[in-house]
Structure formats: structure tokens, C-alpha cells
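Novice: Sharing a structure below in C-alpha cells format, with a few things to ask.
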Amino acid sequence: MSAAAPSFDNATFIVFGASGGIGAQTCRMLRQRNANVVGVARNAQRLDELASETGIEPSVCDATDILEVERLVAGDAERHGDISGLVNCVGSALLKPAHLTTPEEWSNSIAQNLTSAFAVVRAAGSSMRRNGGSVVLLSAAVSQTGVPNHEAIGATKAGVAGLARAAASTYAPRGIRFNAVAPGMVDTELTEGFRANELSLKASVAMHPLGRIGQPEEVASLVLWLLDPANSWITGQTIEVDGGLASIRGRAGASA
């Protein structure tokens, strides 16, 4: 990655899932680099709190509603001018084997993880066709490697990676870049239930060769790197930021 922190003076970005740990940190880091940020989520109270902290523009929207997302992005493009980038941090993390997953849980996993990503890609294809830009989606390390009880999240997040590759091919002539970031276990509210159980946390840490779970800023920094025009020759990629979970095997604490 480039040594210098990117500057996004007066560029406009829309971050979906802004009330979550990675989304909120992405908003903070974009604002620190002088970007205009529209933070999108369903929770108005948490959006208002983030807006008071960072100066983002809060916008309440259900990211699983494809037409609602399209209207929001088109409206922001009309009000702010060209949109430089879209980020989708919406998602769910269901840890159950397939035979214990209800049809409702499966449908919710598809909606939160895959439909929201498709909605953002579709909106980008409509609203960013003139001047291009960067779209970053969140996949997951467990879509790249098999982990027990991760069927729903593994399948839907693998779909996100495939979506990013296909969209990158479709919209390359328009200068719109599509990439995905694939985190391992990250210290956010989404994983709070797993981390609260000492045995579950210990097992998760042991799966990551670097011997710890990740922090939201470690994922957000990669998101910003992919948004940076200095890295505009990168598209169609899924990049793991996962402590080695998807790519290598190792025992935490072991030394060579």
C-alpha cells in the first residue's frame, strides 16, 4: 500500500452500513481526509450520533431495498455532483450448520450480505457511469476457506466476491472499479456474541495465524486504499485482511 495517507479533499463517498463497526470507522477515516461522506443505515439514532461525532451527512435507508438504494445514490449524485466512491459494509454473521439454519435466517443472510451488495453495484452502474470511481464491497475470509458452521455467511459472501469480479468486467469501460475486502473475525458489535463466549473467542483467535482478531480500523484502512485514485489500476480483486485465516496455516504463538 502507498506510504502516504490518501487525501480526499471535497470528494463525495457514500458508506452503507455506517452504523456498524467497520462502516463507522470508514466514515471517520474518510472525514479525517477531508472527504464529504454520506453515511447510510437503518438506525437513525446511531447515524445521528456518528454525524455529531464526525460531520457526516446521515441518511436512513434499507440497503436491502434495491430501488431505495438506487434513489438514494441518484439523489446524492444530483445534490453533491459526481460520487467518487461507494462502500457497502452491510452484513450479517450467522454461525449455524445448514441443517439448523431456518429458511428465514437463510433469507436474511442473502438479503443482508448479497442483496445489499447487488443494490450498491446496481446504483453505481447507473450513477457513476459518466466519470467512474471506486466501489468497495465487504466479503469475508470464510468465503475463501471452509470453516465449520459458516454455510450461510460463506455462501453469501462468496457471492459478493463473484459479484465484484463480474461488475469489474462489466463497468471497466466506464472507469468504475469494483473490489471486495474479505475480513476475518473483527472486534465489532456484529461479533460481540461470539467474543463474549470465552471458548468461542479462544477458538477464533486460534484460527488466525497471527494469533488475534482484527480491529475495524485495519479493515477500513484497506477500504480507503482501494478508494484512493492513486490505486486506480486495481479492479476485480478480493483482498483478505484476516490475520492469515484464508491463506496460510499456523499455530498462534509458535516461533520458527
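Each chain of the C-alpha cells is named A, B, ... in the order shown, its residues numbered from 1; ligands are numbered from 1 in display order.
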So which bits of stretch 132-241 of chain A end up strand (DSSP E) when you DSSP the backbone, as a list in words?
Specialist: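 For stretch 132-241 of chain A, the strand (DSSP E) set is Gly133, Ser134, Val135, Val136, Leu137, Leu138, Ile176, Arg177, Phe178, Asn179, Ala180, Val181, Ala182, Pro183, Thr238, Ile239, Glu240 and Val241 of chain A.
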Novice: Can you tell me which residues surround stretch 166-169 of chain A at a distance of at most 10 Å, considering only C-alpha atoms, apart from same-chain residues fewer than 2 positions away, and format the answer as a count of residues only?
Specialist: 25
Novice: Quick one: residues within 7 Å of A:Ile56, only C-alpha atoms, excluding same-chain residues fewer than 6 positions away - as a ChimeraX atom specification?
Specialist: /A:37-39
Novice: Give me the residues near A:Ala111 as a short mmCIF file (atom, residue, chain, number, x, y, z; two decimals) with C-alpha atoms, in the first residue's frame, where near means some atom within 12 Å (using only C-alpha atoms) and where sequence neighbours in that chain fewer than 6 positions away do not count.
Specialist:
data_model
loop_
_atom_site.label_atom_id
_atom_site.label_comp_id
_atom_site.auth_asym_id
_atom_site.auth_seq_id
_atom_site.Cartn_x
_atom_site.Cartn_y
_atom_site.Cartn_z
CA ASP A 62 -32.77 -0.02 3.96
CA ALA A 63 -29.84 -1.24 1.87
CA THR A 64 -31.67 -4.48 1.06
CA ASP A 65 -34.27 -2.47 -0.89
CA ILE A 66 -32.75 -2.26 -4.37
CA VAL A 90 -23.96 -4.01 5.41
CA GLY A 91 -23.94 -7.63 6.51
CA SER A 92 -24.87 -10.35 8.96
CA GLU A 104 -35.96 -17.15 7.46
CA GLU A 105 -32.33 -16.99 8.65
CA ALA A 117 -24.13 -5.55 -2.28
CA PHE A 118 -26.06 -6.05 -5.53
CA ALA A 119 -28.13 -2.94 -4.79
CA ALA A 152 -24.79 -19.10 5.23
CA ILE A 153 -22.13 -16.43 5.56
CA THR A 156 -23.40 -15.28 0.56
CA LYS A 157 -20.03 -13.62 0.99
CA GLY A 159 -21.38 -14.35 -3.89
CA VAL A 160 -20.15 -10.86 -3.03
#
Novice: Tell me, counting only C-alpha atoms, for each residue of stretch 65-165 of chain A within 12 Å of stretch 199-217 of chain A, which pair of atoms is nearest and how far apart they are in Å to one decimal, in rows ordered by chain and increasing number, as a tab-separated table.
Specialist:
residue	atom	partner	partner_atom	distance
A:Cys89	CA	A:Pro216	CA	11.2
A:Leu95	CA	A:Ser200	CA	11.2
A:Ala141	CA	A:His208	CA	10.5
A:Val142	CA	A:Met207	CA	11.0
A:Thr145	CA	A:Met207	CA	11.3
A:Gly146	CA	A:Met207	CA	11.6
A:Val147	CA	A:Met207	CA	9.4
A:Pro148	CA	A:Ser204	CA	11.4
Novice: Can those selected residues be exported to a file as a PDB file, in the first residue's frame so that it contains all heavy atoms?
Specialist:
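result02.pdb was written with the following content:
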ATOM      1  N   CYS A  89     -20.875  -1.826   3.702  1.00  0.00           N
ATOM      2  CA  CYS A  89     -20.474  -2.552   4.909  1.00  0.00           C
ATOM      3  C   CYS A  89     -21.653  -3.249   5.564  1.00  0.00           C
ATOM      4  O   CYS A  89     -21.553  -3.702   6.710  1.00  0.00           O
ATOM      5  CB  CYS A  89     -19.836  -1.585   5.909  1.00  0.00           C
ATOM      6  SG  CYS A  89     -18.313  -0.831   5.336  1.00  0.00           S
ATOM      7  N   LEU A  95     -23.758 -18.012  12.450  1.00  0.00           N
ATOM      8  CA  LEU A  95     -22.912 -19.188  12.655  1.00  0.00           C
ATOM      9  C   LEU A  95     -23.788 -20.353  13.087  1.00  0.00           C
ATOM     10  O   LEU A  95     -24.102 -20.527  14.275  1.00  0.00           O
ATOM     11  CB  LEU A  95     -21.835 -18.904  13.718  1.00  0.00           C
ATOM     12  CG  LEU A  95     -20.481 -18.433  13.183  1.00  0.00           C
ATOM     13  CD1 LEU A  95     -20.619 -17.075  12.520  1.00  0.00           C
ATOM     14  CD2 LEU A  95     -19.451 -18.373  14.292  1.00  0.00           C
ATOM     15  N   ALA A 141     -13.398 -13.645   4.888  1.00  0.00           N
ATOM     16  CA  ALA A 141     -12.356 -14.658   4.741  1.00  0.00           C
ATOM     17  C   ALA A 141     -12.949 -16.062   4.694  1.00  0.00           C
ATOM     18  O   ALA A 141     -12.422 -16.946   4.010  1.00  0.00           O
ATOM     19  CB  ALA A 141     -11.356 -14.541   5.885  1.00  0.00           C
ATOM     20  N   VAL A 142     -14.075 -16.274   5.383  1.00  0.00           N
ATOM     21  CA  VAL A 142     -14.674 -17.614   5.415  1.00  0.00           C
ATOM     22  C   VAL A 142     -15.344 -17.968   4.099  1.00  0.00           C
ATOM     23  O   VAL A 142     -15.813 -19.095   3.932  1.00  0.00           O
ATOM     24  CB  VAL A 142     -15.676 -17.751   6.575  1.00  0.00           C
ATOM     25  CG1 VAL A 142     -14.957 -17.653   7.907  1.00  0.00           C
ATOM     26  CG2 VAL A 142     -16.796 -16.720   6.475  1.00  0.00           C
ATOM     27  N   THR A 145     -12.188 -19.957   2.505  1.00  0.00           N
ATOM     28  CA  THR A 145     -11.735 -21.196   3.128  1.00  0.00           C
ATOM     29  C   THR A 145     -12.873 -21.774   3.952  1.00  0.00           C
ATOM     30  O   THR A 145     -13.669 -21.029   4.542  1.00  0.00           O
ATOM     31  CB  THR A 145     -10.494 -20.943   4.013  1.00  0.00           C
ATOM     32  OG1 THR A 145      -9.960 -22.181   4.462  1.00  0.00           O
ATOM     33  CG2 THR A 145     -10.829 -20.079   5.217  1.00  0.00           C
ATOM     34  N   GLY A 146     -12.985 -23.092   3.990  1.00  0.00           N
ATOM     35  CA  GLY A 146     -14.082 -23.725   4.708  1.00  0.00           C
ATOM     36  C   GLY A 146     -13.882 -23.699   6.219  1.00  0.00           C
ATOM     37  O   GLY A 146     -12.853 -24.138   6.725  1.00  0.00           O
ATOM     38  N   VAL A 147     -14.893 -23.160   6.926  1.00  0.00           N
ATOM     39  CA  VAL A 147     -14.875 -23.115   8.386  1.00  0.00           C
ATOM     40  C   VAL A 147     -16.198 -23.702   8.878  1.00  0.00           C
ATOM     41  O   VAL A 147     -17.264 -23.356   8.340  1.00  0.00           O
ATOM     42  CB  VAL A 147     -14.710 -21.663   8.895  1.00  0.00           C
ATOM     43  CG1 VAL A 147     -14.773 -21.617  10.418  1.00  0.00           C
ATOM     44  CG2 VAL A 147     -13.389 -21.084   8.408  1.00  0.00           C
ATOM     45  N   PRO A 148     -16.193 -24.587   9.872  1.00  0.00           N
ATOM     46  CA  PRO A 148     -17.441 -25.209  10.315  1.00  0.00           C
ATOM     47  C   PRO A 148     -18.501 -24.184  10.721  1.00  0.00           C
ATOM     48  O   PRO A 148     -18.195 -23.139  11.297  1.00  0.00           O
ATOM     49  CB  PRO A 148     -17.000 -26.044  11.524  1.00  0.00           C
ATOM     50  CG  PRO A 148     -15.556 -26.325  11.301  1.00  0.00           C
ATOM     51  CD  PRO A 148     -15.023 -25.095  10.614  1.00  0.00           C
TER      52      PRO A 148
END
Novice: Taking 4 positions as the minimum chain separation for residues in the same chain, which residues sit within 8 Å of A:Val136 when counting only C-alpha atoms? Answer as a VMD selection string.
Specialist: chain A and resid 85 to 88 178 to 181 223 226 to 227
Novice: So that I have them on file, write out the residues from the current selection with C-alpha atoms, as an mmCIF file, in the first residue's frame.
Specialist:
data_model
loop_
_atom_site.group_PDB
_atom_site.id
_atom_site.type_symbol
_atom_site.label_atom_id
_atom_site.label_comp_id
_atom_site.auth_asym_id
_atom_site.auth_seq_id
_atom_site.Cartn_x
_atom_site.Cartn_y
_atom_site.Cartn_z
ATOM 1 C CA GLY A 85 -16.978 6.028 -4.380
ATOM 2 C CA LEU A 86 -19.486 3.725 -2.747
ATOM 3 C CA VAL A 87 -18.755 1.365 0.140
ATOM 4 C CA ASN A 88 -21.057 -1.406 1.322
ATOM 5 C CA PHE A 178 -15.132 -2.858 -8.129
ATOM 6 C CA ASN A 179 -13.176 -4.642 -5.416
ATOM 7 C CA ALA A 180 -14.013 -6.615 -2.291
ATOM 8 C CA VAL A 181 -12.373 -6.737 1.122
ATOM 9 C CA VAL A 223 -11.145 0.194 2.110
ATOM 10 C CA LEU A 226 -8.997 0.875 -2.642
ATOM 11 C CA LEU A 227 -10.977 4.123 -2.847
#
Novice: If you run DSSP on this backbone, which residues of stretch 7-130 of chain A come out as helix (DSSP H, G or I), and could you give them as a PyMOL selection string?
Specialist: chain A and resi 21-32+44-54+66-80+98-100+103-127
Novice: Work out how far apart atom CA of A:Asp228 and atom CA of A:Asp9 are and give it in Å to one decimal.
Specialist: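 So the two atoms, atom CA of A:Asp228 and atom CA of A:Asp9, lie 11.4 Å apart.
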Novice: Select, from A:Ile22, A:Ala155, A:Ala230, A:Cys27, the residue with the minimum atom-to-atom distance to A:Gly55, counting only C-alpha atoms.
Specialist: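 For A:Gly55, the nearest of the given residues is A:Cys27.
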Novice: Quick one: of A:Leu94, A:Ile14, A:Val40, A:Leu137, who's nearest to A:Ala77, counting only C-alpha atoms?
Specialist: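 The closest residue to A:Ala77 is A:Ile14.
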Novice: I'd like to know which of A:Val120, A:Ser107, A:Pro183, A:Gln112 is closest to A:Ala220, using only C-alpha atoms.
Specialist: A:Pro183
Novice: Can you tell me which residues surround A:His99 at a distance of at most 12 Å, considering only C-alpha atoms, apart from same-chain residues fewer than 2 positions away, and format the answer as a short mmCIF file (atom, residue, chain, number, x, y, z; two decimals) with N, CA, C and O atoms, in the first residue's frame?
Specialist:
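Contents of selection23.cif, as written:
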data_model
loop_
_atom_site.label_atom_id
_atom_site.label_comp_id
_atom_site.auth_asym_id
_atom_site.auth_seq_id
_atom_site.Cartn_x
_atom_site.Cartn_y
_atom_site.Cartn_z
N LEU A 95 -23.76 -18.01 12.45
CA LEU A 95 -22.91 -19.19 12.66
C LEU A 95 -23.79 -20.35 13.09
O LEU A 95 -24.10 -20.53 14.28
N LYS A 96 -24.20 -21.14 12.09
CA LYS A 96 -25.01 -22.33 12.32
C LYS A 96 -24.73 -23.32 11.20
O LYS A 96 -24.49 -22.91 10.06
N PRO A 97 -24.80 -24.62 11.51
CA PRO A 97 -24.73 -25.58 10.40
C PRO A 97 -25.99 -25.47 9.55
O PRO A 97 -27.04 -24.99 10.01
N THR A 101 -30.17 -24.10 10.25
CA THR A 101 -30.48 -22.76 9.76
C THR A 101 -31.91 -22.74 9.22
O THR A 101 -32.27 -23.55 8.35
N THR A 102 -32.73 -21.83 9.74
CA THR A 102 -34.12 -21.76 9.30
C THR A 102 -34.20 -21.08 7.94
O THR A 102 -33.30 -20.33 7.55
N PRO A 103 -35.27 -21.31 7.19
CA PRO A 103 -35.44 -20.59 5.93
C PRO A 103 -35.42 -19.08 6.11
O PRO A 103 -34.89 -18.36 5.25
N GLU A 105 -33.73 -17.40 8.43
CA GLU A 105 -32.33 -16.99 8.65
C GLU A 105 -31.55 -16.99 7.35
O GLU A 105 -30.73 -16.09 7.11
N TRP A 106 -31.80 -17.98 6.50
CA TRP A 106 -31.12 -18.03 5.22
C TRP A 106 -31.51 -16.85 4.34
O TRP A 106 -30.66 -16.19 3.75
N ASN A 149 -19.74 -24.50 10.40
CA ASN A 149 -20.92 -23.73 10.82
C ASN A 149 -21.02 -22.36 10.16
O ASN A 149 -21.72 -21.48 10.64
N HIS A 150 -20.33 -22.18 9.04
CA HIS A 150 -20.35 -20.89 8.33
C HIS A 150 -21.00 -21.01 6.95
O HIS A 150 -20.68 -20.25 6.05
N GLU A 151 -21.94 -21.93 6.79
CA GLU A 151 -22.51 -22.15 5.47
C GLU A 151 -23.21 -20.90 4.92
O GLU A 151 -23.00 -20.51 3.75
N ALA A 152 -24.02 -20.25 5.72
CA ALA A 152 -24.79 -19.10 5.23
C ALA A 152 -23.87 -17.92 4.90
O ALA A 152 -23.96 -17.34 3.81
#
